[in-house]
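Heads up: the structure comes next, in structure tokens.
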2 protein chains.
Amino acid sequence: MNISDEESGILKPSLTRSLYPMANLDSVLAQIDANLDNSVERLFDFLRIQSISTDPAYQTHCVEAADWLTAQLADIGFEATREDTPGHPMVVAKGGEGDAHFLFYGHYDVQPVDPIELWTSDPFDPQQETTPQGVVIRARGAADDKGQLMTFVEACRAFVQVHGALPAKITLFFEGEEESGSPSLVPYMQQNKDRLKADLAMVCDTGMWDANTPSISTMLRGMSGGEVTITGPDRDLHSGMYGGPARNPIRVLTKILAELHDDDGRVTLPHFYDGVEPLPEEIAEQWKSLNHDGIGFLQEVGLSLPAGEQGYSVLEQIWARPTCDINGIDGGYTGEGFKTVLPSQAKAKVSFRLVGQQDPEAVEKHFMEFVNSRLPEDCTAEFKFKNGAGATVMPVDAPAFGKAQQALSQEWPNNAVFAGCGGSIPVVGHIKEILDMDSLLIGFGLDDDAIHSPNEKYNMASFHRGIRSWARVLDALA
Amino acid sequence: MNISDEESGILKPSLTRSLYPMANLDSVLAQIDANLDNSVERLFDFLRIQSISTDPAYQTHCVEAADWLTAQLADIGFEATREDTPGHPMVVAKGGEGDAHFLFYGHYDVQPVDPIELWTSDPFDPQQETTPQGVVIRARGAADDKGQLMTFVEACRAFVQVHGALPAKITLFFEGEEESGSPSLVPYMQQNKDRLKADLAMVCDTGMWDANTPSISTMLRGMSGGEVTITGPDRDLHSGMYGGPARNPIRVLTKILAELHDDDGRVTLPHFYDGVEPLPEEIAEQWKSLNHDGIGFLQEVGLSLPAGEQGYSVLEQIWARPTCDINGIDGGYTGEGFKTVLPSQAKAKVSFRLVGQQDPEAVEKHFMEFVNSRLPEDCTAEFKFKNGAGATVMPVDAPAFGKAQQALSQEWPNNAVFAGCGGSIPVVGHIKEILDMDSLLIGFGLDDDAIHSPNEKYNMASFHRGIRSWARVLDALA
């Protein structure tokens, strides 16, 4: 999982658990239970491969992981190939028959292990440990994403073992650069559209709402923004010589930035809320029933007062409301000590998290107008925007989402919830843009999995029930 | 001259030039005229010494300049000594008798000459050049401060040549570190209070209002200020995970800074204007009569609209009105590209130029209160103040100032003006604080002297009339 945009958390809808006829499924689930030790053994083999993608020293280990995965998939019966790229290889596998066609995405690369001295065991020598929360698998990649992707692979294996066939047409697609910016992903997807195209994507790289409550992430915020540089005088001035009459671009910038929000935390940019729909009543109700501790969430990082739009819960502020954030500001003398300079320029990096149908380009345009309309006549503003992306809103009313939610709810103690996500998951955007497919984001990670940190773990329950969950979902959607 | 706080410019009062009996003075002035060539020769000797104080490679040249000056003063008849410090030496000389006792301050060190390729002649091989504006002396230090300090020394020499005596008790005090921060100045002054104490200080390190109008700088703005750091969350956060509910200290900081000025350019800090008196009517009239081109002044640096307090001229905004300047701001990610961070901290350097009786410590206190009262409960602010100093307001009603103004007016085409100065001149503050003396700031520099730049020059008229001016001032005040 790309932690930079990860968001765990789900909401539990008030679904009645229905009894679902599943003679075939029952034997698959039984097979999964009976073969769990073998599944764990295979995962351990995978976890022993040091596939750190960001460090060139581990290049051969990444290839080894791709080869291992290719062999596993071939062993199950997939037509599997390692496909080399300018970076680490992709693995693509195809199998199964039927009307439904699913594309499963995962990544075999892992984060570096530093600081190694904080690990209680070798990160590449996986261990089963009994903890107060149950048995866990401890290793780098146990959760992110080797353990998670293997839940899907093992579910496929169980189907083949029991029925000699997969329940649907399935394409598996694994990359090895997710933890290092995925430089090869978009070019590869563009060049292999036809091979990757399916009806629905499935991704296992997210988390549960809590240990008993599975989640389907259905709303991911988009983003736009960039850098604005305001120029006043054509050189740096001395405040003794010019302080008073000379325009200070830091003062101009801070005044403009201060006007971006009103006292209720709303963004004042004209047309900013165009395309922002109120949260559907049932989703709002579901989220409310999660009893999310918003203040506790803030207290964990040293804060105590929600700073977003008044009238919305902390969860809504993160999952369902757009924001305007100043990510950086810079101007004048910022070193040690003091310099009485009136600088020529001041700049800020400003970004917007987007929801619903907000148009990233329209937001940029209105931001430029907002700044320019407030600019004194003897100042100029220059803008550099980064590539924006709209929010991802999955069609939760589509049958696949309802069926997946039901299937998950049958596996876990609590019903599955449709969750939001404050950030974006880049691959989901690429799947939508390049392949024109929605994604079913189902994952079994927990907040305490310590992904990207020392002592990463994956609960054995996540792994075991995760395999069973995918068996149920595939069965329900096939 | 320390350009960092230099301010040229003067105002011409509507003085009637009185006829003043000056038999003795006339012979001194005649002596000055007759010996001008010798005076220029001595100045050239002085200019040939490469006394760059900031570069250790020129250490021996600085000592050479101090020795040269000591010898010159001894030659005139002063009891002169080179006094070593941890840095470059001081030169102190004493001479003359009488009730009146003046302390003259100057500096023998000069700025580096880079970029040397832009000089039209060797900076340490002084030249007389005829230009459309008259004859100029071109060399590093020609104006700042060797040429200027020599106007006083040569005036003393002329008195001694004509009368065999100085017109008053005179102490000369030269330092060699003015262009490199004067690290030895304050300790030396504190340890030699008794030797340096006189009735009035005279400093020749400032400029004229224009080539025909001499100036006495009588109002220098003071300064206070420091750095404020605002802390929100206890670590940097990701805007996908926290954007919305998490407090962004950059947003808090920009909002507070934006409130420091109202729409009329006035500083909103409570009690800020305590101690700011309206400009005396006659000074205001004099400044008005200077017909200062405020817009032209701003246009030279790429601006066009005065940004200070409405209702005041540009000259008043610089010389007579206090300011609040943001000299630096820093927070979040400021490098190339983009990072969607919500930083833990944001900071700004804020300074205040002070006038009249404004109290630097009170301003700091009110600034702290201003920030703290606007701080959300889950943020903290930390302050680091630098040493503040109040404004310097010379007693223009004191007889010495009126007499000096009259004396200068007799020498130059236009009457002398009492000028303001937007910055402070540190030595003037030290003379006031350590020696409890006012300073008569008279200088003959012009805006186009290019001090600190390639091709520095000093007008021959500045040098010649400068010597005559000091003769007149000494005669008038003795």
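Residues are named by chain letter and number: chains run A, B, ... in the order of the structure tokens, numbers start at 1 in each chain, and ligands are numbered from 1 in the order shown.
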Select, as a PyMOL selection string, those residues of chain B with any atom no more than 6 Å from chain A (distances computed using only C-alpha atoms). chain B and resi 5+233-234+240-241+244-247+254-255+258+301-304+306-308+314+317-318+323+327-334+340-342+378+422-423
Mind checking which residues fall within 10 Å of Phe401 of chain A, counting only C-alpha atoms, ignoring those fewer than 4 positions away in the same chain, and posting them as a list in words?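 In the requested form, the answer reads Ile216, Thr218, Met394, Pro395, Val396, Asp397, Gln405, Gln406, Ala407, Phe418, Ser439, Leu440, Leu441, Val473 and Leu477 of chain A.
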Quick one: residues within 9 Å of Gly429 of chain A, only C-alpha atoms, excluding same-chain residues fewer than 6 positions away - as a PyMOL selection string? chain A and resi 389-392
Quick one: write out the picked residues with N, CA and C atoms as an mmCIF file, in the first residue's frame?
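In the end it all went to again-v8.cif:
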data_model
loop_
_atom_site.group_PDB
_atom_site.id
_atom_site.type_symbol
_atom_site.label_atom_id
_atom_site.label_comp_id
_atom_site.auth_asym_id
_atom_site.auth_seq_id
_atom_site.Cartn_x
_atom_site.Cartn_y
_atom_site.Cartn_z
ATOM 1 N N ALA A 389 -6.430 15.428 -10.343
ATOM 2 C CA ALA A 389 -7.280 14.252 -10.591
ATOM 3 C C ALA A 389 -8.550 14.424 -9.784
ATOM 4 N N GLY A 390 -9.665 14.113 -10.391
ATOM 5 C CA GLY A 390 -10.928 14.212 -9.678
ATOM 6 C C GLY A 390 -11.070 13.114 -8.644
ATOM 7 N N ALA A 391 -12.096 13.222 -7.839
ATOM 8 C CA ALA A 391 -12.372 12.188 -6.833
ATOM 9 C C ALA A 391 -12.821 10.907 -7.521
ATOM 10 N N THR A 392 -12.638 9.792 -6.842
ATOM 11 C CA THR A 392 -13.166 8.523 -7.327
ATOM 12 C C THR A 392 -14.388 8.172 -6.476
#
Per DSSP on the backbone, what are the alpha helix (DSSP H) residues of segment 346-411 of chain A, as number ranges by chain? A: 360-373, 399-411
Members of segment 360-409 of chain A assigned strand (DSSP E or B) by DSSP, as a list in words: Thr380, Ala381, Glu382, Phe383, Lys384, Phe385, Ala389, Thr392 and Val393 of chain A
Residue nearest Ile442 of chain B - candidates B:Gln358, B:Thr206, B:Ser27, B:Ser289, atoms counted: only C-alpha atoms: B:Thr206
Minimum-distance residue to Ile467 of chain A, chosen among A:Arg157, A:Arg138, A:His271, A:His107 (using only C-alpha atoms): A:Arg157
Tell me, as an NGL selection string, which residues lie within 10 Å of Glu177 of chain B, counting only C-alpha atoms; anything in the same chain fewer than 4 positions away does not count. :B and (51-54 or 62 or 87-90 or 107-110 or 181-185)
For Cys156 of chain A, which residue out of A:Arg374, A:Lys94, A:His430, A:His61 is the nearest one, using only C-alpha atoms?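 The shortest atom-to-atom distance to Cys156 of chain A comes from A:Lys94.
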Non-local contacts of Glu41 of chain A (12 Å; only C-alpha atoms; under 5 positions in same chain excluded) as an MDAnalysis selection string: chainID A and resid 35:36 46:48 126:128 137 147 150 154
Can you list, as an mmCIF file with N, CA and C atoms, in the first residue's frame, every protein, DNA or RNA residue that comes within 12 Å of Pro454 of chain A when you count only C-alpha atoms, leaving out same-chain residues fewer than 4 positions away?
data_model
loop_
_atom_site.group_PDB
_atom_site.id
_atom_site.type_symbol
_atom_site.label_atom_id
_atom_site.label_comp_id
_atom_site.auth_asym_id
_atom_site.auth_seq_id
_atom_site.Cartn_x
_atom_site.Cartn_y
_atom_site.Cartn_z
ATOM 1 N N GLN A 111 8.645 -2.203 1.254
ATOM 2 C CA GLN A 111 9.394 -1.045 1.749
ATOM 3 C C GLN A 111 10.766 -1.473 2.288
ATOM 4 N N PRO A 112 11.723 -0.569 2.353
ATOM 5 C CA PRO A 112 12.986 -0.858 3.051
ATOM 6 C C PRO A 112 12.712 -1.198 4.517
ATOM 7 N N VAL A 113 13.724 -1.728 5.198
ATOM 8 C CA VAL A 113 13.501 -2.200 6.572
ATOM 9 C C VAL A 113 14.091 -1.282 7.642
ATOM 10 N N ASP A 114 14.755 -0.203 7.218
ATOM 11 C CA ASP A 114 15.350 0.706 8.208
ATOM 12 C C ASP A 114 14.251 1.319 9.065
ATOM 13 N N PRO A 115 14.514 1.596 10.323
ATOM 14 C CA PRO A 115 15.736 1.270 11.073
ATOM 15 C C PRO A 115 15.721 -0.183 11.551
ATOM 16 N N ILE A 116 16.646 -0.949 11.012
ATOM 17 C CA ILE A 116 16.672 -2.393 11.243
ATOM 18 C C ILE A 116 16.799 -2.734 12.728
ATOM 19 N N GLU A 117 17.462 -1.872 13.506
ATOM 20 C CA GLU A 117 17.691 -2.192 14.923
ATOM 21 C C GLU A 117 16.396 -2.185 15.754
ATOM 22 N N LEU A 118 15.321 -1.636 15.191
ATOM 23 C CA LEU A 118 14.055 -1.626 15.934
ATOM 24 C C LEU A 118 13.220 -2.888 15.700
ATOM 25 N N TRP A 119 13.639 -3.731 14.784
ATOM 26 C CA TRP A 119 12.908 -4.976 14.549
ATOM 27 C C TRP A 119 13.219 -5.970 15.671
ATOM 28 N N THR A 120 12.195 -6.693 16.106
ATOM 29 C CA THR A 120 12.401 -7.713 17.145
ATOM 30 C C THR A 120 12.810 -9.048 16.521
ATOM 31 N N SER A 121 12.657 -9.179 15.206
ATOM 32 C CA SER A 121 13.158 -10.376 14.507
ATOM 33 C C SER A 121 13.579 -9.958 13.103
ATOM 34 N N ASP A 122 14.271 -10.850 12.409
ATOM 35 C CA ASP A 122 14.725 -10.567 11.045
ATOM 36 C C ASP A 122 13.513 -10.278 10.156
ATOM 37 N N PRO A 123 13.470 -9.118 9.501
ATOM 38 C CA PRO A 123 12.289 -8.772 8.693
ATOM 39 C C PRO A 123 12.053 -9.736 7.536
ATOM 40 N N PHE A 124 13.088 -10.450 7.123
ATOM 41 C CA PHE A 124 12.908 -11.396 6.011
ATOM 42 C C PHE A 124 12.966 -12.854 6.475
ATOM 43 N N ARG A 138 4.767 -12.005 11.360
ATOM 44 C CA ARG A 138 5.617 -10.825 11.436
ATOM 45 C C ARG A 138 6.711 -10.899 10.383
ATOM 46 N N ALA A 139 6.753 -9.922 9.492
ATOM 47 C CA ALA A 139 7.790 -9.836 8.448
ATOM 48 C C ALA A 139 7.534 -8.566 7.634
ATOM 49 N N ARG A 140 8.593 -8.085 6.969
ATOM 50 C CA ARG A 140 8.388 -6.992 6.016
ATOM 51 C C ARG A 140 7.525 -7.505 4.872
ATOM 52 N N GLY A 141 6.436 -6.804 4.591
ATOM 53 C CA GLY A 141 5.530 -7.198 3.523
ATOM 54 C C GLY A 141 4.422 -8.137 3.965
ATOM 55 N N ALA A 142 4.424 -8.524 5.265
ATOM 56 C CA ALA A 142 3.394 -9.464 5.741
ATOM 57 C C ALA A 142 2.003 -8.915 5.420
ATOM 58 N N ASP A 448 -2.899 -1.170 13.189
ATOM 59 C CA ASP A 448 -1.674 -1.460 13.939
ATOM 60 C C ASP A 448 -0.746 -2.414 13.186
ATOM 61 N N ASP A 449 -0.911 -2.554 11.892
ATOM 62 C CA ASP A 449 -0.067 -3.476 11.120
ATOM 63 C C ASP A 449 1.362 -2.960 10.929
ATOM 64 N N ALA A 450 1.594 -1.689 11.230
ATOM 65 C CA ALA A 450 2.939 -1.102 11.125
ATOM 66 C C ALA A 450 3.530 -1.265 9.726
#
